[in-house]
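Below: input04.cif (mmCIF, C-alpha atoms)
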```
data_final
loop_
_atom_site.label_atom_id
_atom_site.label_comp_id
_atom_site.auth_asym_id
_atom_site.auth_seq_id
_atom_site.Cartn_x
_atom_site.Cartn_y
_atom_site.Cartn_z
CA MET X 1375 -6.28 17.60 6.67
CA LYS X 1376 -2.66 16.94 7.56
CA PHE X 1377 -0.40 14.08 6.58
CA PRO X 1378 2.97 13.24 8.18
CA LEU X 1379 6.07 13.80 6.12
CA GLN X 1380 8.23 10.75 5.54
CA ALA X 1381 10.97 10.18 8.04
CA VAL X 1382 14.47 10.42 6.63
CA ALA X 1383 17.48 8.48 7.77
CA ALA X 1384 19.86 11.40 7.71
CA VAL X 1385 20.12 15.03 6.74
CA VAL X 1386 23.30 16.41 5.23
CA LEU X 1387 24.38 19.93 4.43
CA VAL X 1388 24.44 20.43 0.70
CA SER X 1389 26.43 23.13 -1.06
CA ALA X 1390 24.20 25.81 -2.60
CA ALA X 1391 26.40 25.86 -5.67
CA ALA X 1392 24.96 24.29 -8.82
CA GLY X 1393 26.38 20.87 -9.50
CA ALA X 1394 26.54 19.71 -5.90
CA PHE X 1395 27.27 16.00 -5.76
CA ALA X 1396 24.60 13.59 -4.64
CA GLN X 1397 25.83 11.85 -1.53
CA LYS X 1398 24.49 8.84 0.27
CA GLY X 1399 21.91 10.11 2.74
CA GLU X 1400 21.41 13.49 1.04
CA THR X 1401 17.79 14.57 1.32
CA VAL X 1402 15.84 15.82 -1.70
CA LYS X 1403 12.56 17.57 -0.96
CA ILE X 1404 9.75 16.97 -3.44
CA ALA X 1405 6.70 19.24 -3.29
CA TRP X 1406 3.48 17.29 -3.83
CA LEU X 1407 0.65 19.62 -4.91
CA ASP X 1408 -2.80 18.08 -5.43
CA PRO X 1409 -6.31 18.17 -3.90
CA LEU X 1410 -6.82 17.01 -0.32
CA SER X 1411 -10.20 18.71 0.05
CA GLY X 1412 -13.39 18.97 -2.00
CA LEU X 1413 -15.01 16.29 -4.18
CA MET X 1414 -11.63 15.07 -5.47
CA ALA X 1415 -10.07 14.68 -2.00
CA ALA X 1416 -10.31 10.87 -2.14
CA VAL X 1417 -8.24 10.81 -5.33
CA GLY X 1418 -5.61 13.19 -3.99
CA THR X 1419 -5.38 11.42 -0.65
CA ASN X 1420 -4.77 8.08 -2.37
CA GLN X 1421 -2.09 9.62 -4.59
CA LEU X 1422 -0.36 11.24 -1.63
CA LYS X 1423 -0.26 7.98 0.28
CA THR X 1424 1.13 6.26 -2.82
CA THR X 1425 3.80 8.96 -3.16
CA GLN X 1426 4.78 8.55 0.49
CA TYR X 1427 4.82 4.75 0.16
CA PHE X 1428 7.15 4.81 -2.84
CA ALA X 1429 9.36 7.42 -1.14
CA GLU X 1430 9.79 4.99 1.75
CA GLU X 1431 10.56 2.12 -0.64
CA PHE X 1432 13.20 4.11 -2.50
CA ASN X 1433 14.63 5.47 0.74
CA ARG X 1434 15.32 1.90 1.85
CA LYS X 1435 17.10 0.94 -1.34
CA ASN X 1436 17.92 2.95 -4.42
CA LEU X 1437 20.77 3.51 -6.87
CA SER X 1438 21.77 7.01 -5.84
CA GLY X 1439 21.58 6.71 -2.07
CA VAL X 1440 19.51 9.92 -2.01
CA LYS X 1441 16.66 10.20 0.51
CA PHE X 1442 13.30 11.58 -0.61
CA GLU X 1443 11.21 13.85 1.62
CA ILE X 1444 7.66 14.70 0.54
CA VAL X 1445 6.29 18.18 1.23
CA ALA X 1446 2.52 17.78 0.74
CA ILE X 1447 0.28 20.82 0.14
CA ASP X 1448 -3.43 20.88 -0.73
CA ASN X 1449 -3.90 22.85 -3.96
CA LYS X 1450 -7.72 22.45 -3.86
CA LEU X 1451 -7.61 21.59 -7.60
CA SER X 1452 -7.19 25.34 -8.26
CA PRO X 1453 -4.52 26.96 -10.45
CA GLN X 1454 -4.41 29.97 -8.12
CA GLU X 1455 -4.03 27.80 -5.01
CA THR X 1456 -1.38 25.78 -6.87
CA THR X 1457 0.71 28.87 -7.53
CA SER X 1458 0.51 29.83 -3.87
CA ALA X 1459 1.35 26.26 -2.79
CA LEU X 1460 4.36 26.23 -5.09
CA ARG X 1461 5.72 29.42 -3.53
CA SER X 1462 5.33 27.83 -0.09
CA ALA X 1463 7.15 24.71 -1.27
CA MET X 1464 9.99 26.80 -2.70
CA ASP X 1465 10.30 28.59 0.64
CA GLN X 1466 10.65 25.17 2.29
CA GLY X 1467 13.54 24.27 0.00
CA ALA X 1468 11.81 22.04 -2.55
CA ARG X 1469 13.35 22.05 -6.02
CA TYR X 1470 11.30 19.18 -7.40
CA VAL X 1471 7.52 19.26 -7.87
CA MET X 1472 4.97 16.47 -8.35
CA GLN X 1473 1.37 17.05 -9.49
CA GLY X 1474 -1.18 15.06 -11.45
CA ASN X 1475 -4.77 16.29 -11.20
CA GLY X 1476 -5.93 18.82 -13.76
CA SER X 1477 -4.25 20.64 -16.63
CA GLY X 1478 -5.06 24.04 -15.08
CA PRO X 1479 -2.84 23.44 -12.03
CA ALA X 1480 -0.26 21.77 -14.30
CA LEU X 1481 -0.01 24.87 -16.50
CA ALA X 1482 0.24 27.07 -13.39
CA ILE X 1483 3.23 25.02 -12.21
CA MET X 1484 4.88 25.11 -15.63
CA ASP X 1485 4.47 28.89 -15.91
CA ALA X 1486 5.79 29.54 -12.40
CA ILE X 1487 8.80 27.26 -12.87
CA GLU X 1488 9.66 28.79 -16.25
CA LYS X 1489 9.71 32.24 -14.62
CA ASN X 1490 11.61 31.06 -11.55
CA ASN X 1491 14.29 29.27 -13.56
CA ALA X 1492 14.81 32.22 -15.87
CA ARG X 1493 15.08 34.70 -12.98
CA ASN X 1494 16.98 32.62 -10.44
CA PRO X 1495 19.91 30.74 -11.97
CA GLY X 1496 21.27 28.25 -9.47
CA LYS X 1497 17.81 27.78 -7.90
CA GLU X 1498 16.09 25.98 -10.75
CA MET X 1499 13.11 23.69 -10.20
CA LEU X 1500 11.87 20.65 -12.11
CA TYR X 1501 8.28 19.36 -12.50
CA MET X 1502 7.40 15.65 -12.64
CA ASN X 1503 3.83 15.27 -13.91
CA TYR X 1504 2.35 11.89 -12.96
CA ALA X 1505 -1.25 12.21 -14.17
CA ALA X 1506 -2.17 15.50 -15.93
CA VAL X 1507 -2.72 14.16 -19.45
CA ASP X 1508 -3.75 17.10 -21.66
CA PRO X 1509 -1.69 16.61 -24.88
CA ASP X 1510 -1.02 20.36 -25.08
CA LEU X 1511 1.33 20.05 -22.09
CA THR X 1512 3.85 18.24 -24.30
CA ASN X 1513 2.87 19.90 -27.56
CA ALA X 1514 2.10 23.61 -28.03
CA LYS X 1515 2.72 24.41 -24.35
CA CYS X 1516 5.69 22.11 -23.76
CA SER X 1517 8.40 23.16 -21.31
CA TYR X 1518 11.97 21.94 -20.85
CA TRP X 1519 11.38 21.75 -17.09
CA HIS X 1520 8.28 19.54 -17.39
CA PHE X 1521 8.40 15.72 -17.66
CA ARG X 1522 5.23 13.65 -17.98
CA VAL X 1523 5.29 10.00 -16.85
CA ASP X 1524 1.63 9.20 -17.57
CA ALA X 1525 0.46 8.53 -21.12
CA ASP X 1526 -1.40 11.54 -22.51
CA THR X 1527 -5.04 11.64 -23.60
CA SER X 1528 -4.25 11.04 -27.26
CA MET X 1529 -2.02 8.04 -26.51
CA LYS X 1530 -4.66 6.39 -24.35
CA MET X 1531 -7.37 7.01 -26.94
CA GLU X 1532 -5.11 5.55 -29.63
CA ALA X 1533 -4.82 2.32 -27.64
CA LEU X 1534 -8.47 2.30 -26.57
CA THR X 1535 -9.85 2.75 -30.10
CA THR X 1536 -7.35 0.23 -31.49
CA PHE X 1537 -9.06 -2.26 -29.19
CA MET X 1538 -12.58 -0.97 -29.85
CA LYS X 1539 -12.30 -1.21 -33.63
CA ASP X 1540 -12.35 -5.01 -33.35
CA GLN X 1541 -15.44 -5.10 -31.10
CA ALA X 1542 -18.30 -5.84 -33.49
CA ASP X 1543 -20.98 -5.06 -30.89
CA ILE X 1544 -20.01 -1.36 -30.83
CA LYS X 1545 -22.37 0.53 -33.12
CA LYS X 1546 -23.59 3.62 -31.26
CA VAL X 1547 -21.28 5.61 -28.96
CA TYR X 1548 -22.15 8.28 -26.43
CA LEU X 1549 -19.39 10.63 -25.21
CA ILE X 1550 -19.60 12.18 -21.75
CA ASN X 1551 -16.67 14.11 -20.30
CA GLN X 1552 -15.62 16.82 -17.87
CA ASN X 1553 -15.72 20.31 -19.36
CA TYR X 1554 -12.05 21.25 -19.23
CA ALA X 1555 -9.02 20.55 -21.42
CA HIS X 1556 -8.74 16.82 -20.72
CA GLY X 1557 -12.44 16.08 -21.19
CA GLN X 1558 -12.60 18.17 -24.34
CA GLN X 1559 -9.59 16.32 -25.73
CA VAL X 1560 -11.10 12.91 -24.92
CA SER X 1561 -14.16 13.89 -26.93
CA LYS X 1562 -12.08 15.19 -29.83
CA TYR X 1563 -9.75 12.21 -30.08
CA ALA X 1564 -12.58 9.70 -29.66
CA LYS X 1565 -14.44 11.22 -32.62
CA ASP X 1566 -11.32 11.50 -34.78
CA ASN X 1567 -10.07 7.99 -34.05
CA LEU X 1568 -13.43 6.27 -34.44
CA LYS X 1569 -14.01 8.06 -37.72
CA ALA X 1570 -10.67 6.75 -38.99
CA LYS X 1571 -10.89 3.21 -37.56
CA ARG X 1572 -14.63 2.52 -37.44
CA PRO X 1573 -16.46 4.93 -39.78
CA ASP X 1574 -19.60 2.80 -39.38
CA VAL X 1575 -19.92 3.74 -35.69
CA GLN X 1576 -22.44 6.50 -34.89
CA ILE X 1577 -21.74 9.19 -32.28
CA VAL X 1578 -25.19 9.56 -30.70
CA GLY X 1579 -24.29 12.01 -27.92
CA ASP X 1580 -21.48 14.30 -26.83
CA ASP X 1581 -21.90 15.91 -23.40
CA LEU X 1582 -19.50 18.06 -21.39
CA HIS X 1583 -20.30 18.74 -17.73
CA PRO X 1584 -18.66 20.89 -15.01
CA LEU X 1585 -15.57 19.41 -13.36
CA ALA X 1586 -16.10 18.11 -9.81
CA GLN X 1587 -19.48 19.81 -9.38
CA VAL X 1588 -22.14 17.31 -10.48
CA ARG X 1589 -23.59 15.26 -7.63
CA ASP X 1590 -26.41 13.55 -9.55
CA PHE X 1591 -25.74 12.11 -13.01
CA ALA X 1592 -29.26 10.68 -13.41
CA PRO X 1593 -30.22 13.31 -16.06
CA TYR X 1594 -27.15 12.40 -18.13
CA ILE X 1595 -27.92 8.69 -17.83
CA ALA X 1596 -31.47 9.36 -19.02
CA LYS X 1597 -30.04 11.02 -22.15
CA ILE X 1598 -27.69 8.08 -22.75
CA LYS X 1599 -30.60 5.65 -22.43
CA GLN X 1600 -32.77 7.69 -24.78
CA SER X 1601 -29.99 7.90 -27.39
CA GLY X 1602 -29.92 4.13 -27.89
CA ALA X 1603 -26.17 4.01 -27.24
CA ASP X 1604 -24.56 0.62 -26.70
CA THR X 1605 -21.25 2.15 -25.62
CA VAL X 1606 -20.07 5.12 -23.53
CA ILE X 1607 -16.61 6.63 -23.75
CA THR X 1608 -15.58 8.80 -20.81
CA GLY X 1609 -12.37 10.33 -19.53
CA ASN X 1610 -14.06 11.19 -16.22
CA TRP X 1611 -12.12 10.64 -13.02
CA GLY X 1612 -12.71 10.83 -9.28
CA SER X 1613 -16.27 11.49 -8.12
CA ASP X 1614 -17.28 12.38 -11.68
CA LEU X 1615 -16.68 8.78 -12.73
CA SER X 1616 -17.90 6.94 -9.63
CA LEU X 1617 -21.14 8.96 -9.52
CA LEU X 1618 -21.67 8.48 -13.28
CA ILE X 1619 -21.31 4.70 -12.99
CA LYS X 1620 -23.46 4.58 -9.87
CA ALA X 1621 -26.22 6.47 -11.67
CA ALA X 1622 -25.97 4.07 -14.64
CA ASN X 1623 -26.30 1.04 -12.36
CA ASP X 1624 -29.13 2.63 -10.36
CA ALA X 1625 -31.01 3.23 -13.61
CA GLY X 1626 -30.50 -0.36 -14.75
CA LEU X 1627 -28.43 0.63 -17.79
CA SER X 1628 -27.36 -3.00 -18.18
CA ASN X 1629 -26.97 -3.14 -21.96
CA VAL X 1630 -24.36 -0.36 -22.23
CA LYS X 1631 -20.60 -0.85 -21.94
CA PHE X 1632 -18.31 1.86 -20.58
CA TYR X 1633 -14.85 2.48 -22.03
CA THR X 1634 -12.95 4.59 -19.52
CA TYR X 1635 -9.62 6.11 -18.61
CA TYR X 1636 -9.91 5.85 -14.82
CA ALA X 1637 -12.12 2.96 -13.68
CA TYR X 1638 -9.33 1.95 -11.29
CA GLY X 1639 -9.48 5.30 -9.44
CA ALA X 1640 -10.55 5.69 -5.82
CA GLY X 1641 -14.28 5.11 -5.44
CA ALA X 1642 -14.94 3.75 -8.94
CA PRO X 1643 -14.57 0.02 -8.06
CA THR X 1644 -17.11 0.35 -5.24
CA ALA X 1645 -19.50 2.17 -7.58
CA MET X 1646 -19.13 -0.56 -10.22
CA GLY X 1647 -19.49 -3.61 -7.96
CA ALA X 1648 -21.31 -6.67 -9.29
CA ALA X 1649 -23.67 -4.58 -11.42
CA SER X 1650 -20.84 -3.61 -13.78
CA ASP X 1651 -19.48 -7.13 -14.27
CA SER X 1652 -17.88 -7.34 -17.75
CA LYS X 1653 -19.36 -3.95 -18.71
CA VAL X 1654 -16.48 -1.56 -17.89
CA TYR X 1655 -13.14 -1.36 -19.68
CA THR X 1656 -10.24 0.94 -18.98
CA VAL X 1657 -6.94 1.91 -20.59
CA SER X 1658 -3.84 2.45 -18.49
CA TYR X 1659 -0.08 1.89 -18.16
CA ALA X 1660 -0.72 -0.70 -15.40
CA HIS X 1661 -3.37 -2.73 -13.60
CA TYR X 1662 -4.07 -4.43 -10.27
CA ASN X 1663 -2.55 -7.80 -11.21
CA MET X 1664 0.87 -6.78 -12.57
CA GLY X 1665 2.98 -9.55 -11.05
CA GLY X 1666 6.70 -9.14 -10.32
CA ASP X 1667 8.11 -6.43 -8.09
CA MET X 1668 5.26 -4.04 -8.79
CA GLN X 1669 2.79 -6.61 -7.49
CA LYS X 1670 4.79 -6.75 -4.27
CA SER X 1671 4.40 -2.98 -3.95
CA ILE X 1672 0.68 -3.09 -4.78
CA ASP X 1673 0.03 -5.88 -2.27
CA GLY X 1674 2.29 -4.32 0.36
CA TYR X 1675 0.49 -1.01 0.05
CA LYS X 1676 -2.91 -2.66 0.57
CA LYS X 1677 -1.66 -4.65 3.55
CA LYS X 1678 -0.17 -1.57 5.20
CA LEU X 1679 -2.85 1.02 4.38
CA ASN X 1680 -5.99 -1.01 3.64
CA ASP X 1681 -6.28 0.89 0.37
CA ASP X 1682 -5.69 0.18 -3.32
CA MET X 1683 -2.62 1.56 -5.08
CA VAL X 1684 -3.95 2.95 -8.35
CA GLN X 1685 -1.39 5.55 -9.46
CA THR X 1686 1.65 3.39 -10.17
CA SER X 1687 2.96 6.07 -12.55
CA ILE X 1688 4.32 7.61 -9.36
CA HIS X 1689 6.89 4.79 -9.29
CA HIS X 1690 8.23 6.14 -12.60
CA VAL X 1691 8.81 9.54 -10.97
CA PHE X 1692 11.10 8.05 -8.34
CA SER X 1693 12.84 5.55 -10.63
CA LEU X 1694 13.64 8.20 -13.26
CA LEU X 1695 14.89 10.71 -10.69
CA ASP X 1696 16.91 8.07 -8.85
CA ASN X 1697 18.61 6.97 -12.08
CA ALA X 1698 19.30 10.58 -13.04
CA PHE X 1699 20.81 11.32 -9.61
CA ALA X 1700 23.03 8.24 -9.89
CA GLN X 1701 24.04 9.02 -13.48
CA THR X 1702 24.95 12.66 -12.84
CA LYS X 1703 26.14 12.19 -9.25
CA SER X 1704 24.10 15.32 -8.57
CA THR X 1705 20.67 16.44 -7.42
CA ASP X 1706 20.91 19.73 -9.31
CA PRO X 1707 17.71 20.02 -11.41
CA VAL X 1708 19.71 21.44 -14.34
CA LYS X 1709 21.89 18.33 -14.57
CA VAL X 1710 18.99 16.01 -13.77
CA ALA X 1711 16.80 17.50 -16.52
CA ALA X 1712 19.56 16.93 -19.07
CA ALA X 1713 19.98 13.32 -17.90
CA LEU X 1714 16.25 12.60 -18.07
CA GLU X 1715 16.04 13.53 -21.75
CA GLY X 1716 16.02 10.31 -23.76
CA MET X 1717 16.43 8.12 -20.66
CA LYS X 1718 15.43 4.47 -21.16
CA LEU X 1719 14.62 2.06 -18.33
CA LYS X 1720 13.17 -1.40 -17.94
CA SER X 1721 10.04 -0.86 -15.86
CA PHE X 1722 6.96 -2.71 -14.65
CA ASN X 1723 5.17 -2.18 -17.99
CA GLY X 1724 8.10 -2.91 -20.30
CA GLU X 1725 10.79 -0.59 -21.60
CA ILE X 1726 10.02 3.06 -21.07
CA GLU X 1727 11.67 6.06 -22.73
CA MET X 1728 11.46 9.73 -21.81
CA ARG X 1729 11.18 11.13 -25.33
CA LYS X 1730 13.68 13.95 -25.72
CA SER X 1731 11.65 16.00 -28.18
CA ASP X 1732 8.74 16.72 -25.82
CA HIS X 1733 9.43 15.00 -22.44
CA GLN X 1734 6.49 12.61 -22.90
CA LEU X 1735 7.15 9.12 -21.53
CA GLN X 1736 6.75 6.40 -24.13
CA GLN X 1737 5.40 3.20 -22.59
CA GLY X 1738 3.22 0.14 -23.07
CA LEU X 1739 -0.52 0.35 -22.31
CA TYR X 1740 -3.07 -2.21 -21.11
CA ILE X 1741 -6.79 -2.64 -21.78
CA THR X 1742 -8.50 -4.17 -18.75
CA ARG X 1743 -12.05 -5.38 -18.04
CA TRP X 1744 -14.02 -5.33 -14.79
CA GLU X 1745 -14.82 -8.88 -13.75
CA LYS X 1746 -14.86 -11.26 -10.79
CA LYS X 1747 -11.47 -11.88 -9.27
CA SER X 1748 -10.02 -15.29 -10.08
CA ALA X 1749 -7.05 -17.53 -9.39
CA LYS X 1750 -5.34 -15.96 -12.39
CA TYR X 1751 -6.25 -12.38 -11.46
CA PRO X 1752 -6.79 -12.42 -7.69
CA TYR X 1753 -6.52 -8.78 -6.70
CA ASP X 1754 -9.67 -7.66 -4.86
CA ALA X 1755 -10.37 -4.02 -5.81
CA GLU X 1756 -11.80 -2.03 -2.88
CA ASN X 1757 -12.85 -5.36 -1.33
CA THR X 1758 -15.63 -5.79 -3.88
CA GLY X 1759 -14.67 -9.30 -4.98
CA TYR X 1760 -13.98 -7.86 -8.45
CA THR X 1761 -10.87 -6.79 -10.29
CA LEU X 1762 -9.69 -5.21 -13.54
CA ALA X 1763 -8.27 -8.08 -15.57
CA PRO X 1764 -5.94 -7.44 -18.52
CA VAL X 1765 -7.38 -8.37 -21.91
CA LYS X 1766 -4.81 -6.69 -24.19
CA TYR X 1767 -1.32 -5.17 -23.99
CA TYR X 1768 -0.02 -2.72 -26.57
CA GLU X 1769 3.68 -2.05 -27.09
CA PRO X 1770 4.79 1.60 -26.80
CA TYR X 1771 4.87 2.17 -30.56
CA VAL X 1772 1.15 1.35 -30.91
CA ALA X 1773 -0.03 4.21 -28.70
CA SER X 1774 2.79 6.65 -29.45
CA THR X 1775 1.52 9.86 -31.03
CA PRO X 1776 3.52 12.62 -32.76
CA THR X 1777 4.40 15.90 -31.08
CA SER X 1778 4.40 19.50 -32.26
CA CYS X 1779 6.62 20.61 -29.37
CA GLN X 1780 9.28 23.17 -30.22
CA MET X 1781 11.39 22.66 -27.13
CA LYS X 1782 13.19 25.80 -25.88
CA ARG X 1783 16.25 24.59 -24.03
CA PRO X 1784 18.22 26.78 -21.63
#
```

Please express the file's structure as C-alpha cells.
Amino acid sequence: MKFPLQAVAAVVLVSAAAGAFAQKGETVKIAWLDPLSGLMAAVGTNQLKTTQYFAEEFNRKNLSGVKFEIVAIDNKLSPQETTSALRSAMDQGARYVMQGNGSGPALAIMDAIEKNNARNPGKEMLYMNYAAVDPDLTNAKCSYWHFRVDADTSMKMEALTTFMKDQADIKKVYLINQNYAHGQQVSKYAKDNLKAKRPDVQIVGDDLHPLAQVRDFAPYIAKIKQSGADTVITGNWGSDLSLLIKAANDAGLSNVKFYTYYAYGAGAPTAMGAASDSKVYTVSYAHYNMGGDMQKSIDGYKKKLNDDMVQTSIHHVFSLLDNAFAQTKSTDPVKVAAALEGMKLKSFNGEIEMRKSDHQLQQGLYITRWEKKSAKYPYDAENTGYTLAPVKYYEPYVASTPTSCQMKRP
C-alpha cells in the first residue's frame, strides 16, 4: 500500500554543519513508521492520513516557516521491521521520527537512535512518540532523544479511576487486555488504583490475549458474562477493541459498561453503534467535539477525507517542533531537543508542558461517553449517528504521575 508524500512549496540546500539556521521554506523530513498492513492497518492508515493532513496545515502557516515532508514506511507492527524502516528513513535524510503503535517498535526506535546519536555526532535523530503509552518509555527506559506527546497508561488510568470511584453502580470489574507491555500495565494500574480508590470493588476476571491475532472474542465475552461483571476495563485498541465490542453486542451483553482507552479509534464507533448507547466510556486528551481551531481541523479532515480524525496528539508533534524550530532558529535535533525540554504551550486541551525530567507531556484529560449525537455534541462518528460526548475534564495535575527516569543527557 502506497501513500503520496506531501507536496512542499520549496526545497532549499541546508548546510550539513550542526546548528544550521531554519529558513523560510526549508524542508524537514519526518519518518513516519507504523503499520499499514495486517489487522492494525486501519489504525495506521488513519494515523498516516492525520499526519499528512497536519503537515499540510502547518506548511500553509506556522511560526518557523519550515516545511514538513512525511516519509511513510510500513513497519508491520514489528520491532525488527521498525529497525529496518528506520535505516531506510535515515538513508532518505530523515532526522525526525514519528511512531505510535506498540511499545516494542517504540523501544526499537529508541535503541537505534541512541546508538546512532552516540556514533554519528552531527547526524543526530529525534523521536516524537504520539501514541505508544507504556510508562517504562519515560521511566526506567527513558531516553533524552525520545519525547512522548500522548498521556501514558498510568496517567490515563489515574484519570479513569478518579472518575470511576464516584460511580456507585460499579461493583464487579473484569479486566481484558492485549498481552504485551501496554495491556499488562493497564491491568496492573487498574488493580492498584481501584484498590486504593474503591477497595469495595471486586476484580472478577483478568485476561490477557495475543496482540492483533484474535478474530473471535466470543469465548472471552462468555467468561465476562459468567463472571457477573458489571464493568469491563480494557486498554485494547484497533481490531482488538472493535471485535471485542462487536462480540459483546452480538452476545447481548447489555448490562455491562466498558471503560476504555481507545473507543474513538478506527472501527470502534461502527462496532459500538446503537447497541452501545451510554455503555462505553473512554479516557483521552481530546474528543470529537473539541470546538475552537481543533474542531475546524477535525471537521476539515472529515470533509476532505470522509474519515474521522482520532489521533489529535499528532498536532502536538507539529506544534512542539514548530515552536522549537522558531525558538532556536534551527532544525538541528540537538538544539531542538534542548528547546523541547520544559516547553509550555497553550493547546487544544489546555496548557501543555513537556516535562524536562522524563520528556512526558503533561496535559489535561477528558472522560467521554458514547451516546447519540446532539445539538450540543453534533459530531457524527463513522456516520453512526453517535458520538463520544465529554462528561468530565481533568486538569493536568490530576492525572500527572511521578517518574523514575534518570535522564542521561549528552

Open item on the list: Which residues are close to Ser1658 in chain X, i.e. within 7 Å by all atoms listed in the file, leaving aside same-chain residues fewer than 2 positions away? Reply as a ChimeraX atom specification.
Closed with: /X:1635,1656,1660,1739-1741

Given the selection you just returned, output its residues as a file containing C-alpha atoms, formatted as an mmCIF file, in the coordinates of the input.
```cif
data_model
loop_
_atom_site.group_PDB
_atom_site.id
_atom_site.type_symbol
_atom_site.label_atom_id
_atom_site.label_comp_id
_atom_site.auth_asym_id
_atom_site.auth_seq_id
_atom_site.Cartn_x
_atom_site.Cartn_y
_atom_site.Cartn_z
ATOM 1 C CA TYR X 1635 -9.620 6.110 -18.610
ATOM 2 C CA THR X 1656 -10.240 0.940 -18.980
ATOM 3 C CA ALA X 1660 -0.720 -0.700 -15.400
ATOM 4 C CA LEU X 1739 -0.520 0.350 -22.310
ATOM 5 C CA TYR X 1740 -3.070 -2.210 -21.110
ATOM 6 C CA ILE X 1741 -6.790 -2.640 -21.780
#
```

Open item on the list: Applying the PyMOL selection byres ((chain X and resi 1659) around 10) to the file I just gave you, which residues come out? Please list them as a PyMOL selection string.
Closed with: chain X and resi 1523-1525+1530+1657-1658+1660-1661+1685-1687+1722-1724+1737-1741+1767-1768+1770

So that I can see what lies close to Pro1584 in chain X, please list as a PDB file with C-alpha atoms, keeping the file's coordinate frame the residues with an atom at most 9 Å from it, counting all atoms listed in the file and leaving out residues fewer than 4 positions away in the same chain.
```
ATOM      1  CA  ASN X1551     -16.670  14.110 -20.300  1.00  0.00           C
ATOM      2  CA  GLN X1552     -15.620  16.820 -17.870  1.00  0.00           C
ATOM      3  CA  ASN X1553     -15.720  20.310 -19.360  1.00  0.00           C
ATOM      4  CA  TYR X1554     -12.050  21.250 -19.230  1.00  0.00           C
ATOM      5  CA  VAL X1588     -22.140  17.310 -10.480  1.00  0.00           C
TER       6      VAL X1588
END
```

Task: Shortest interatomic distance to Ile1726 in chain X - which of X:Asn1610, X:Ser1774, X:Asn1436, X:Gln1587, counting all atoms listed in the file - done: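 Selected residue with least distance to Ile1726 in chain X: X:Ser1774.
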
Using only C-alpha atoms, which residues of range 1536-1628 of chain X come within 10 Å of range 1473-1487 of chain X, and what is the closest atom pair for each, with the distance in Å to one decimal? Give it as CSV, sorted by chain and residue number.
```
residue,atom,partner,partner_atom,distance
X:Tyr1554,CA,X:Ser1477,CA,8.2
X:Ala1555,CA,X:Ser1477,CA,6.8
X:His1556,CA,X:Ser1477,CA,7.2
X:Leu1585,CA,X:Gly1476,CA,9.7
X:Trp1611,CA,X:Asn1475,CA,9.4
X:Gly1612,CA,X:Asn1475,CA,9.8
```

Task: CA of Ser1452 in chain X to CA of Pro1409 in chain X, distance in Å rounded to a single decimal - done: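 So the two atoms, CA of Ser1452 in chain X and CA of Pro1409 in chain X, lie 8.4 Å apart.
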
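Every polymer residue reaching to within 9 Å of (-17.2, 0.6, -23.0), counting only C-alpha atoms, appears in this list: X:Met1538, X:Ile1544, X:Val1547, X:Asp1604, X:Thr1605, X:Val1606, X:Ile1607, X:Thr1608, X:Val1630, X:Lys1631, X:Phe1632, X:Tyr1633, X:Thr1634, X:Lys1653, X:Val1654, X:Tyr1655, X:Thr1656.
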
Task: Residue with smallest distance to Lys1709 in chain X - pool X:Asn1494, X:Trp1406, X:Pro1784, X:Ala1640, counting only C-alpha atoms - done: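 Looking only at the distances to Lys1709 in chain X, the closest residue turns out to be X:Pro1784.
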
Give, as AutoDock Vina command-line options, the centre coordinates and the x, y and z edge lengths in Å to one decimal for an axis-aligned box around all listed atoms of range 1394-1413 of chain X, padded by 8 Å on each side.
```
--center_x 6.1 --center_y 14.3 --center_z -1.6 --size_x 58.3 --size_y 26.9 --size_z 24.6
```

Could you pull the residues within 10 Å of Cys1779 in chain X, counting only C-alpha atoms, minus those fewer than 4 positions along the same chain, as a CSV table (one decimal) with C-alpha atoms, in the frame of the given file?
```csv
chain,number,residue,atom,x,y,z
X,1510,ASP,CA,-1.0,20.4,-25.1
X,1511,LEU,CA,1.3,20.0,-22.1
X,1512,THR,CA,3.8,18.2,-24.3
X,1513,ASN,CA,2.9,19.9,-27.6
X,1514,ALA,CA,2.1,23.6,-28.0
X,1515,LYS,CA,2.7,24.4,-24.4
X,1516,CYS,CA,5.7,22.1,-23.8
X,1517,SER,CA,8.4,23.2,-21.3
X,1731,SER,CA,11.6,16.0,-28.2
X,1732,ASP,CA,8.7,16.7,-25.8
X,1733,HIS,CA,9.4,15.0,-22.4
```

Regenerate range 1766-1771 of chain X at the level of N, CA, C and O atoms and dump it as a PDB file, in the frame of the given file.
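Done, and the output landed in out_15.pdb:
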```
ATOM      1  N   LYS X1766      -5.683  -7.027 -23.062  1.00  0.00           N
ATOM      2  CA  LYS X1766      -4.810  -6.690 -24.190  1.00  0.00           C
ATOM      3  C   LYS X1766      -3.668  -5.796 -23.715  1.00  0.00           C
ATOM      4  O   LYS X1766      -3.870  -4.919 -22.874  1.00  0.00           O
ATOM      5  N   TYR X1767      -2.471  -6.040 -24.254  1.00  0.00           N
ATOM      6  CA  TYR X1767      -1.320  -5.170 -23.990  1.00  0.00           C
ATOM      7  C   TYR X1767      -0.822  -4.632 -25.317  1.00  0.00           C
ATOM      8  O   TYR X1767      -0.692  -5.373 -26.298  1.00  0.00           O
ATOM      9  N   TYR X1768      -0.544  -3.345 -25.359  1.00  0.00           N
ATOM     10  CA  TYR X1768      -0.020  -2.720 -26.570  1.00  0.00           C
ATOM     11  C   TYR X1768       1.388  -2.189 -26.311  1.00  0.00           C
ATOM     12  O   TYR X1768       1.617  -1.481 -25.325  1.00  0.00           O
ATOM     13  N   GLU X1769       2.303  -2.548 -27.184  1.00  0.00           N
ATOM     14  CA  GLU X1769       3.680  -2.050 -27.090  1.00  0.00           C
ATOM     15  C   GLU X1769       3.692  -0.532 -27.257  1.00  0.00           C
ATOM     16  O   GLU X1769       2.769   0.051 -27.841  1.00  0.00           O
ATOM     17  N   PRO X1770       4.750   0.127 -26.756  1.00  0.00           N
ATOM     18  CA  PRO X1770       4.790   1.600 -26.800  1.00  0.00           C
ATOM     19  C   PRO X1770       4.535   2.198 -28.177  1.00  0.00           C
ATOM     20  O   PRO X1770       3.864   3.235 -28.280  1.00  0.00           O
ATOM     21  N   TYR X1771       5.016   1.566 -29.235  1.00  0.00           N
ATOM     22  CA  TYR X1771       4.870   2.170 -30.560  1.00  0.00           C
ATOM     23  C   TYR X1771       3.407   2.248 -31.006  1.00  0.00           C
ATOM     24  O   TYR X1771       3.044   3.114 -31.814  1.00  0.00           O
TER      25      TYR X1771
END
```
